[in-house]
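> Input file: query_26.tsv. Contents: TSV, C-alpha atoms.
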```
chain	number	residue	atom	x	y	z
Z	1	MET	CA	0.00	0.00	0.00
Z	2	ALA	CA	1.42	3.43	-0.99
Z	3	VAL	CA	1.28	6.37	1.44
Z	4	LEU	CA	1.75	10.13	1.12
Z	5	LEU	CA	5.41	11.12	0.81
Z	6	GLU	CA	5.82	14.32	2.75
Z	7	ALA	CA	8.41	16.86	1.57
Z	8	PRO	CA	11.35	16.99	4.01
Z	9	VAL	CA	11.64	20.74	3.49
Z	10	GLN	CA	8.52	22.74	4.33
Z	11	GLN	CA	7.74	26.16	2.83
Z	12	PHE	CA	5.39	28.69	4.39
Z	13	CYS	CA	3.73	31.29	2.12
Z	14	ASP	CA	0.90	33.85	2.32
Z	15	ALA	CA	-2.35	33.76	0.37
Z	16	ASP	CA	-0.65	35.32	-2.64
Z	17	GLY	CA	2.11	32.72	-2.64
Z	18	HIS	CA	4.72	35.05	-1.20
Z	19	PRO	CA	7.06	33.22	1.20
Z	20	TYR	CA	7.32	34.33	4.77
Z	21	ALA	CA	11.01	35.15	4.51
Z	22	GLY	CA	12.50	35.47	7.99
Z	23	GLY	CA	9.27	34.24	9.50
Z	24	GLN	CA	9.19	32.45	12.88
Z	25	ILE	CA	7.65	29.14	13.91
Z	26	PHE	CA	7.13	28.41	17.61
Z	27	THR	CA	6.51	24.79	18.60
Z	28	TYR	CA	4.66	23.87	21.85
Z	29	ILE	CA	2.96	20.99	23.56
Z	30	PRO	CA	-0.65	21.11	22.26
Z	31	ALA	CA	-2.98	23.54	24.08
Z	32	THR	CA	-0.08	24.98	26.11
Z	33	THR	CA	2.76	27.47	25.84
Z	34	THR	CA	5.29	24.86	26.89
Z	35	PRO	CA	7.99	24.59	24.22
Z	36	LYS	CA	8.42	21.23	22.50
Z	37	LEU	CA	11.60	20.24	20.71
Z	38	THR	CA	11.98	19.62	16.96
Z	39	TRP	CA	14.97	18.51	14.88
Z	40	SER	CA	16.53	19.27	11.52
Z	41	ASP	CA	17.51	15.63	10.87
Z	42	ILE	CA	15.51	12.41	10.81
Z	43	GLY	CA	17.72	10.81	13.42
Z	44	GLY	CA	16.76	13.49	15.97
Z	45	THR	CA	20.36	14.49	16.71
Z	46	ALA	CA	20.31	18.15	15.51
Z	47	ALA	CA	17.76	20.18	17.46
Z	48	ASN	CA	16.09	23.19	15.89
Z	49	THR	CA	15.89	26.54	17.61
Z	50	ASN	CA	12.56	27.50	19.06
Z	51	PRO	CA	11.36	29.59	17.35
Z	52	ILE	CA	12.55	28.17	14.03
Z	53	ILE	CA	13.67	31.01	11.70
Z	54	LEU	CA	12.54	30.57	8.08
Z	55	ASP	CA	15.07	31.28	5.28
Z	56	ALA	CA	14.61	33.79	2.46
Z	57	ALA	CA	12.32	31.33	0.65
Z	58	GLY	CA	10.19	30.81	3.77
Z	59	ARG	CA	11.53	27.27	4.22
Z	60	ALA	CA	12.71	25.14	7.14
Z	61	LEU	CA	13.59	21.52	7.78
Z	62	ILE	CA	11.39	20.30	10.68
Z	63	TYR	CA	11.26	16.78	12.17
Z	64	GLY	CA	9.12	16.12	15.24
Z	65	ASP	CA	7.74	13.45	17.59
Z	66	GLY	CA	3.97	13.22	18.01
Z	67	ASP	CA	1.56	16.15	18.38
Z	68	TYR	CA	2.49	19.86	18.39
Z	69	ARG	CA	0.99	23.29	18.68
Z	70	MET	CA	2.64	25.37	15.89
Z	71	VAL	CA	2.43	29.20	15.79
Z	72	LEU	CA	3.60	31.10	12.66
Z	73	LEU	CA	4.68	34.73	12.87
Z	74	ASP	CA	5.95	36.87	9.98
Z	75	ALA	CA	9.29	38.65	10.04
Z	76	GLN	CA	7.63	41.55	11.90
Z	77	SER	CA	6.33	39.10	14.58
Z	78	ASN	CA	2.75	39.47	13.42
Z	79	PRO	CA	0.75	36.28	14.14
Z	80	ILE	CA	-0.27	34.43	10.96
Z	81	TRP	CA	-1.81	31.24	12.29
Z	82	ASP	CA	-1.93	28.97	15.37
Z	83	GLN	CA	-2.54	25.32	14.47
Z	84	THR	CA	-2.16	21.80	15.86
Z	85	ALA	CA	0.08	19.46	13.87
Z	86	SER	CA	1.17	15.84	14.19
Z	87	THR	CA	3.90	13.59	12.89
Z	88	LEU	CA	1.25	10.78	12.70
Z	89	ILE	CA	3.83	8.27	13.92
Z	90	SER	CA	5.70	8.79	17.14
Z	91	VAL	CA	9.42	8.24	17.49
Z	92	ALA	CA	8.73	5.20	19.65
Z	93	MET	CA	6.63	3.65	16.88
Z	94	GLN	CA	8.98	4.61	14.08
Z	95	PRO	CA	11.07	1.38	14.28
Z	96	VAL	CA	7.89	-0.63	14.25
Z	97	VAL	CA	6.61	1.15	11.16
Z	98	ASN	CA	9.90	1.33	9.28
Z	99	GLY	CA	11.11	-2.19	10.17
Z	100	SER	CA	9.99	-5.66	9.07
Z	101	ILE	CA	6.97	-7.47	10.44
Z	102	ALA	CA	9.26	-9.70	12.48
Z	103	ASN	CA	10.98	-6.63	13.98
Z	104	ALA	CA	7.62	-5.03	14.68
Z	105	GLN	CA	6.46	-8.18	16.49
Z	106	THR	CA	9.62	-8.20	18.58
Z	107	LEU	CA	9.37	-4.48	19.40
Z	108	LEU	CA	5.69	-4.85	20.38
Z	109	GLY	CA	6.39	-7.95	22.46
Z	110	ILE	CA	4.39	-10.22	20.20
Z	111	ASP	CA	5.50	-13.85	20.00
Z	112	PRO	CA	6.40	-14.40	16.31
Z	113	THR	CA	5.17	-18.01	16.61
Z	114	LEU	CA	1.76	-16.88	17.86
Z	115	GLY	CA	0.24	-17.09	14.39
Z	116	ALA	CA	1.42	-20.68	13.98
Z	117	GLN	CA	0.19	-21.52	17.47
Z	118	LEU	CA	-3.23	-20.05	16.75
Z	119	ALA	CA	-3.38	-21.90	13.43
Z	120	ALA	CA	-2.43	-25.19	15.14
Z	121	GLU	CA	-5.01	-24.59	17.87
Z	122	ALA	CA	-7.68	-23.84	15.27
Z	123	ALA	CA	-6.76	-26.99	13.33
Z	124	ALA	CA	-6.87	-29.09	16.51
Z	125	ARG	CA	-10.23	-27.60	17.42
Z	126	ILE	CA	-11.60	-28.34	13.95
Z	127	ALA	CA	-10.29	-31.92	14.17
Z	128	ALA	CA	-11.82	-32.37	17.63
Z	129	ASP	CA	-15.16	-30.98	16.44
Z	130	SER	CA	-15.06	-33.31	13.44
Z	131	ALA	CA	-14.26	-36.31	15.63
Z	132	GLU	CA	-17.05	-35.38	18.03
Z	133	ALA	CA	-19.49	-34.99	15.15
Z	134	THR	CA	-18.43	-38.39	13.76
Z	135	ALA	CA	-18.83	-40.06	17.16
Z	136	ARG	CA	-22.20	-38.40	17.67
Z	137	ALA	CA	-23.36	-39.53	14.24
Z	138	ALA	CA	-22.20	-43.10	14.99
Z	139	GLY	CA	-23.97	-43.02	18.36
Z	140	ASP	CA	-27.16	-41.72	16.75
Z	141	ALA	CA	-26.98	-44.42	14.09
Z	142	ALA	CA	-26.45	-47.14	16.72
Z	143	GLU	CA	-29.34	-45.81	18.79
Z	144	ALA	CA	-31.54	-45.70	15.70
Z	145	THR	CA	-30.59	-49.32	14.90
Z	146	THR	CA	-31.37	-50.42	18.46
Z	147	ARG	CA	-34.70	-48.61	18.41
Z	148	ALA	CA	-35.55	-50.15	15.05
Z	149	ALA	CA	-34.74	-53.63	16.42
Z	150	GLN	CA	-36.84	-52.98	19.53
Z	151	ASP	CA	-39.68	-51.67	17.37
Z	152	THR	CA	-39.43	-54.81	15.23
Z	153	ILE	CA	-39.59	-57.06	18.32
Z	154	LEU	CA	-42.55	-55.09	19.67
Z	155	PHE	CA	-44.27	-55.24	16.28
Z	156	ASN	CA	-43.71	-59.01	16.10
Z	157	ASP	CA	-45.04	-59.46	19.65
Z	158	ILE	CA	-48.12	-57.42	18.84
Z	159	THR	CA	-48.58	-59.31	15.58
Z	160	LEU	CA	-48.26	-62.66	17.39
Z	161	GLU	CA	-50.69	-61.58	20.09
Z	162	THR	CA	-53.09	-60.34	17.45
Z	163	THR	CA	-52.76	-63.64	15.57
Z	164	ASN	CA	-53.36	-65.65	18.75
Z	165	ARG	CA	-56.35	-63.51	19.65
Z	166	THR	CA	-57.68	-63.86	16.13
Z	167	ALA	CA	-57.29	-67.64	16.37
Z	168	ALA	CA	-58.93	-67.72	19.80
Z	169	ASP	CA	-61.73	-65.52	18.53
Z	170	ALA	CA	-62.14	-67.87	15.57
Z	171	VAL	CA	-62.40	-70.86	17.90
Z	172	LEU	CA	-64.90	-69.03	20.08
Z	173	GLN	CA	-66.85	-67.94	17.03
Z	174	ALA	CA	-66.90	-71.53	15.79
Z	175	GLU	CA	-68.26	-72.67	19.14
Z	176	ILE	CA	-70.85	-69.90	19.03
Z	177	ASP	CA	-71.75	-70.87	15.48
Z	178	ALA	CA	-72.10	-74.51	16.60
Z	179	LEU	CA	-74.33	-73.48	19.47
Z	180	VAL	CA	-76.40	-71.33	17.15
Z	181	ALA	CA	-76.69	-74.20	14.68
Z	182	ALA	CA	-77.54	-76.72	17.46
Z	183	PRO	CA	-81.03	-77.12	18.84
Z	184	THR	CA	-81.99	-74.59	21.42
Z	185	SER	CA	-80.94	-75.58	24.92
Z	186	SER	CA	-83.72	-76.86	27.09
Z	187	ILE	CA	-84.44	-78.04	30.64
Z	188	ARG	CA	-85.42	-81.50	31.81
Z	189	ALA	CA	-86.79	-82.24	35.28
Z	190	GLY	CA	-87.92	-85.27	37.12
Z	191	ALA	CA	-87.79	-87.37	40.26
Z	192	VAL	CA	-85.64	-90.36	41.09
Z	193	THR	CA	-85.96	-93.00	43.79
Z	194	VAL	CA	-82.70	-93.47	45.64
Z	195	SER	CA	-81.82	-96.97	46.91
Z	196	LEU	CA	-80.19	-97.67	50.22
Z	197	THR	CA	-76.79	-97.69	48.50
Z	198	GLY	CA	-77.29	-94.21	47.06
Z	199	ASP	CA	-76.87	-95.39	43.47
Z	200	PHE	CA	-79.31	-94.07	40.93
Z	201	THR	CA	-79.59	-93.23	37.21
Z	202	LEU	CA	-81.20	-90.17	35.65
Z	203	THR	CA	-83.08	-90.70	32.41
Z	204	PHE	CA	-83.86	-87.68	30.18
Z	205	THR	CA	-87.09	-87.87	28.29
Z	206	PRO	CA	-86.81	-86.78	25.59
Z	207	ALA	CA	-83.04	-87.25	25.36
Z	208	PHE	CA	-80.78	-84.23	24.75
Z	209	THR	CA	-79.53	-84.07	21.16
Z	210	THR	CA	-75.91	-83.19	21.97
Z	211	GLU	CA	-75.02	-83.33	25.64
Z	212	VAL	CA	-75.95	-82.40	29.18
Z	213	ALA	CA	-74.66	-79.01	30.31
Z	214	GLN	CA	-75.65	-78.95	34.01
Z	215	ILE	CA	-77.50	-81.11	36.56
Z	216	TRP	CA	-79.01	-80.21	39.95
Z	217	VAL	CA	-80.27	-82.81	42.44
Z	218	GLY	CA	-82.37	-81.84	45.48
Z	219	PHE	CA	-81.72	-83.69	48.71
Z	220	PRO	CA	-84.82	-84.83	50.58
Z	221	PRO	CA	-85.33	-83.42	54.06
Z	222	GLY	CA	-83.08	-84.94	56.69
Z	223	VAL	CA	-80.46	-86.21	54.19
Z	224	GLY	CA	-76.84	-85.15	54.78
Z	225	GLU	CA	-74.21	-83.93	52.31
Z	226	PRO	CA	-72.63	-86.44	49.92
Z	227	THR	CA	-69.83	-88.47	51.47
Z	228	SER	CA	-68.15	-89.94	48.39
Z	229	GLY	CA	-67.87	-89.61	44.64
Z	230	SER	CA	-65.62	-87.82	42.11
Z	231	PRO	CA	-66.19	-85.09	39.45
Z	232	ALA	CA	-66.62	-85.81	35.76
Z	233	ASN	CA	-66.75	-83.46	32.75
Z	234	PRO	CA	-68.41	-81.66	31.08
Z	235	VAL	CA	-71.20	-81.36	33.67
Z	236	SER	CA	-70.31	-79.50	36.86
Z	237	PHE	CA	-72.25	-81.41	39.55
Z	238	PRO	CA	-69.41	-82.39	41.92
Z	239	HIS	CA	-70.22	-86.09	42.26
Z	240	ILE	CA	-70.96	-87.09	38.67
Z	241	THR	CA	-68.86	-90.11	37.69
Z	242	SER	CA	-70.01	-90.75	34.11
Z	243	HIS	CA	-72.44	-89.52	31.54
Z	244	THR	CA	-73.78	-90.30	28.10
Z	245	THR	CA	-76.06	-88.53	25.62
Z	246	SER	CA	-77.28	-91.48	23.59
Z	247	GLY	CA	-80.92	-92.32	23.78
Z	248	ALA	CA	-82.55	-91.51	27.04
Z	249	VAL	CA	-79.72	-92.65	29.31
Z	250	GLY	CA	-78.56	-89.88	31.64
Z	251	VAL	CA	-75.91	-89.72	34.34
Z	252	LEU	CA	-74.85	-92.44	36.74
Z	253	LEU	CA	-74.20	-91.21	40.28
Z	254	ASP	CA	-72.20	-93.82	42.17
Z	255	ASN	CA	-72.08	-94.12	46.00
Z	256	MET	CA	-72.54	-90.39	46.47
Z	257	PHE	CA	-74.80	-90.07	49.42
Z	258	THR	CA	-75.22	-91.39	52.88
Z	259	PRO	CA	-77.31	-94.56	52.40
Z	260	LEU	CA	-80.89	-93.47	52.15
Z	261	SER	CA	-84.16	-94.37	50.57
Z	262	GLY	CA	-86.57	-91.93	49.08
Z	263	SER	CA	-87.43	-89.70	46.14
Z	264	MET	CA	-85.17	-86.81	44.92
Z	265	ARG	CA	-85.95	-84.06	42.47
Z	266	TRP	CA	-83.47	-83.35	39.70
Z	267	TYR	CA	-83.09	-80.68	37.02
Z	268	ALA	CA	-80.88	-80.81	33.91
Z	269	ILE	CA	-79.93	-78.29	31.21
Z	270	GLY	CA	-78.62	-79.49	27.87
Z	271	TYR	CA	-78.85	-79.02	24.13
```
Could I get this structure in the form of structure tokens?


Amino acid sequence: MAVLLEAPVQQFCDADGHPYAGGQIFTYIPATTTPKLTWSDIGGTAANTNPIILDAAGRALIYGDGDYRMVLLDAQSNPIWDQTASTLISVAMQPVVNGSIANAQTLLGIDPTLGAQLAAEAAARIAADSAEATARAAGDAAEATTRAAQDTILFNDITLETTNRTAADAVLQAEIDALVAAPTSSIRAGAVTVSLTGDFTLTFTPAFTTEVAQIWVGFPPGVGEPTSGSPANPVSFPHITSHTTSGAVGVLLDNMFTPLSGSMRWYAIGY
């Protein structure tokens, strides 16, 4: 980048271009009347007088350090102007500006390897972020796979349960359909004479078409609970030992009661 090249020799002229020959320039600390030193060489070894006396062409060689208050008087000491000026770059910063970047870093106390360190740190951070993103993606994929497997197992369980229920419902529906197709259930009732041994046979007239569903027997007054016998299916009376549905033959009750003699009422439901 190019910058303005200031003329080393300054010339001071009036509005008509006439130089202020023998003019005077006073240099101060800004906003004060405290003199501030200037030089006639760039190395700052030859100090100017204060005021600086301009030559016949109104010129002077002025080098400074930082900000100044500059007051111009003509040869008759008439004030011309009172302005603030600056060298833009202080003497302390001059080596930084005029030197190389490496010198500037050294003068400013900047570690010349800082850029490389920052670049390495940024690269490491990018690599760590990439590794973290990869691990996170792998974890998400594994979790998704596990969830999919669990969903599959749950779906299969539900499907199996649904299938089993459907099959059970089909069996139940078939039984219902069979009942609907069978003759309407009906009730038979009668009386039976019990021998001293307690053995007796129930005869259903007319006979049930399919089977007996339930039987009730009423004990005569003064007769105790049954003392022997064993259950038989499908009827639920607890002491039924055998049954048949052919013809008019009913259920044989064997040695069920305390020996007695008398008539008992019975009721049967079948279809």

> Report as a PDB file with C-alpha atoms, in the coordinates of the input all protein, DNA and RNA residues lying within 12 Å of Thr34 (chain Z), evaluated on all atoms listed in the file, omitting residues in the same chain fewer than 5 positions from it.


```pdb
ATOM      1  CA  PHE Z  26       7.130  28.410  17.610  1.00  0.00           C
ATOM      2  CA  THR Z  27       6.510  24.790  18.600  1.00  0.00           C
ATOM      3  CA  TYR Z  28       4.660  23.870  21.850  1.00  0.00           C
ATOM      4  CA  ILE Z  29       2.960  20.990  23.560  1.00  0.00           C
ATOM      5  CA  ASN Z  50      12.560  27.500  19.060  1.00  0.00           C
ATOM      6  CA  TYR Z  68       2.490  19.860  18.390  1.00  0.00           C
ATOM      7  CA  ARG Z  69       0.990  23.290  18.680  1.00  0.00           C
ATOM      8  CA  MET Z  70       2.640  25.370  15.890  1.00  0.00           C
TER       9      MET Z  70
END
```

> Just to confirm, what's the straight-line distance from CA of Gly43 (chain Z) to CA of Ile62 (chain Z) in Å (one decimal)?

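Spanning CA of Gly43 (chain Z) to CA of Ile62 (chain Z) is a straight-line distance of 11.7 Å.
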
> For Asp67 (chain Z), which residue among Z:Ala148, Z:Ala85, Z:Ile80, Z:Leu172 is the nearest when counting all atoms listed in the file?

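Of Z:Ala148, Z:Ala85, Z:Ile80, Z:Leu172, the one nearest Asp67 (chain Z), counting all atoms listed in the file, is Z:Ala85.
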
> Between CA of Pro19 (chain Z) and CA of Asp65 (chain Z), measure the distance and give it in Å to one decimal.

25.7 Å

> Give me, as a PyMOL selection string, all polymer residues having an atom no more than 12 Å from Ala21 (chain Z), counting all atoms listed in the file and skipping those fewer than 6 positions away in the same chain.

chain Z and resi 11-14+52-60+72-77

> Just how far from CA of Ala127 (chain Z) is CA of Glu143 (chain Z), in Å to one decimal?

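CA of Ala127 (chain Z) lies at a distance of 24.0 Å from CA of Glu143 (chain Z).
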
> Could you name the residues that touch region 37-40 of chain Z at 7 Å or less, counting only C-alpha atoms, but leaving out those on the same chain fewer than 2 positions away, as a short mmCIF file (atom, residue, chain, number, x, y, z; two decimals) with C-alpha atoms, in the frame of the given file?


```cif
data_model
loop_
_atom_site.label_atom_id
_atom_site.label_comp_id
_atom_site.auth_asym_id
_atom_site.auth_seq_id
_atom_site.Cartn_x
_atom_site.Cartn_y
_atom_site.Cartn_z
CA PRO Z 35 7.99 24.59 24.22
CA ILE Z 42 15.51 12.41 10.81
CA GLY Z 44 16.76 13.49 15.97
CA THR Z 45 20.36 14.49 16.71
CA ALA Z 46 20.31 18.15 15.51
CA ALA Z 47 17.76 20.18 17.46
CA ASN Z 48 16.09 23.19 15.89
CA LEU Z 61 13.59 21.52 7.78
CA ILE Z 62 11.39 20.30 10.68
CA TYR Z 63 11.26 16.78 12.17
CA GLY Z 64 9.12 16.12 15.24
#
```

> Let me make sure I understand: among Z:Asn164, Z:Gln117, Z:Asn78, Z:Gln10, which one has the smallest atom-to-atom distance to Gly23 (chain Z) if we use all atoms listed in the file?

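That would be Z:Asn78, the residue with the smallest distance to Gly23 (chain Z).
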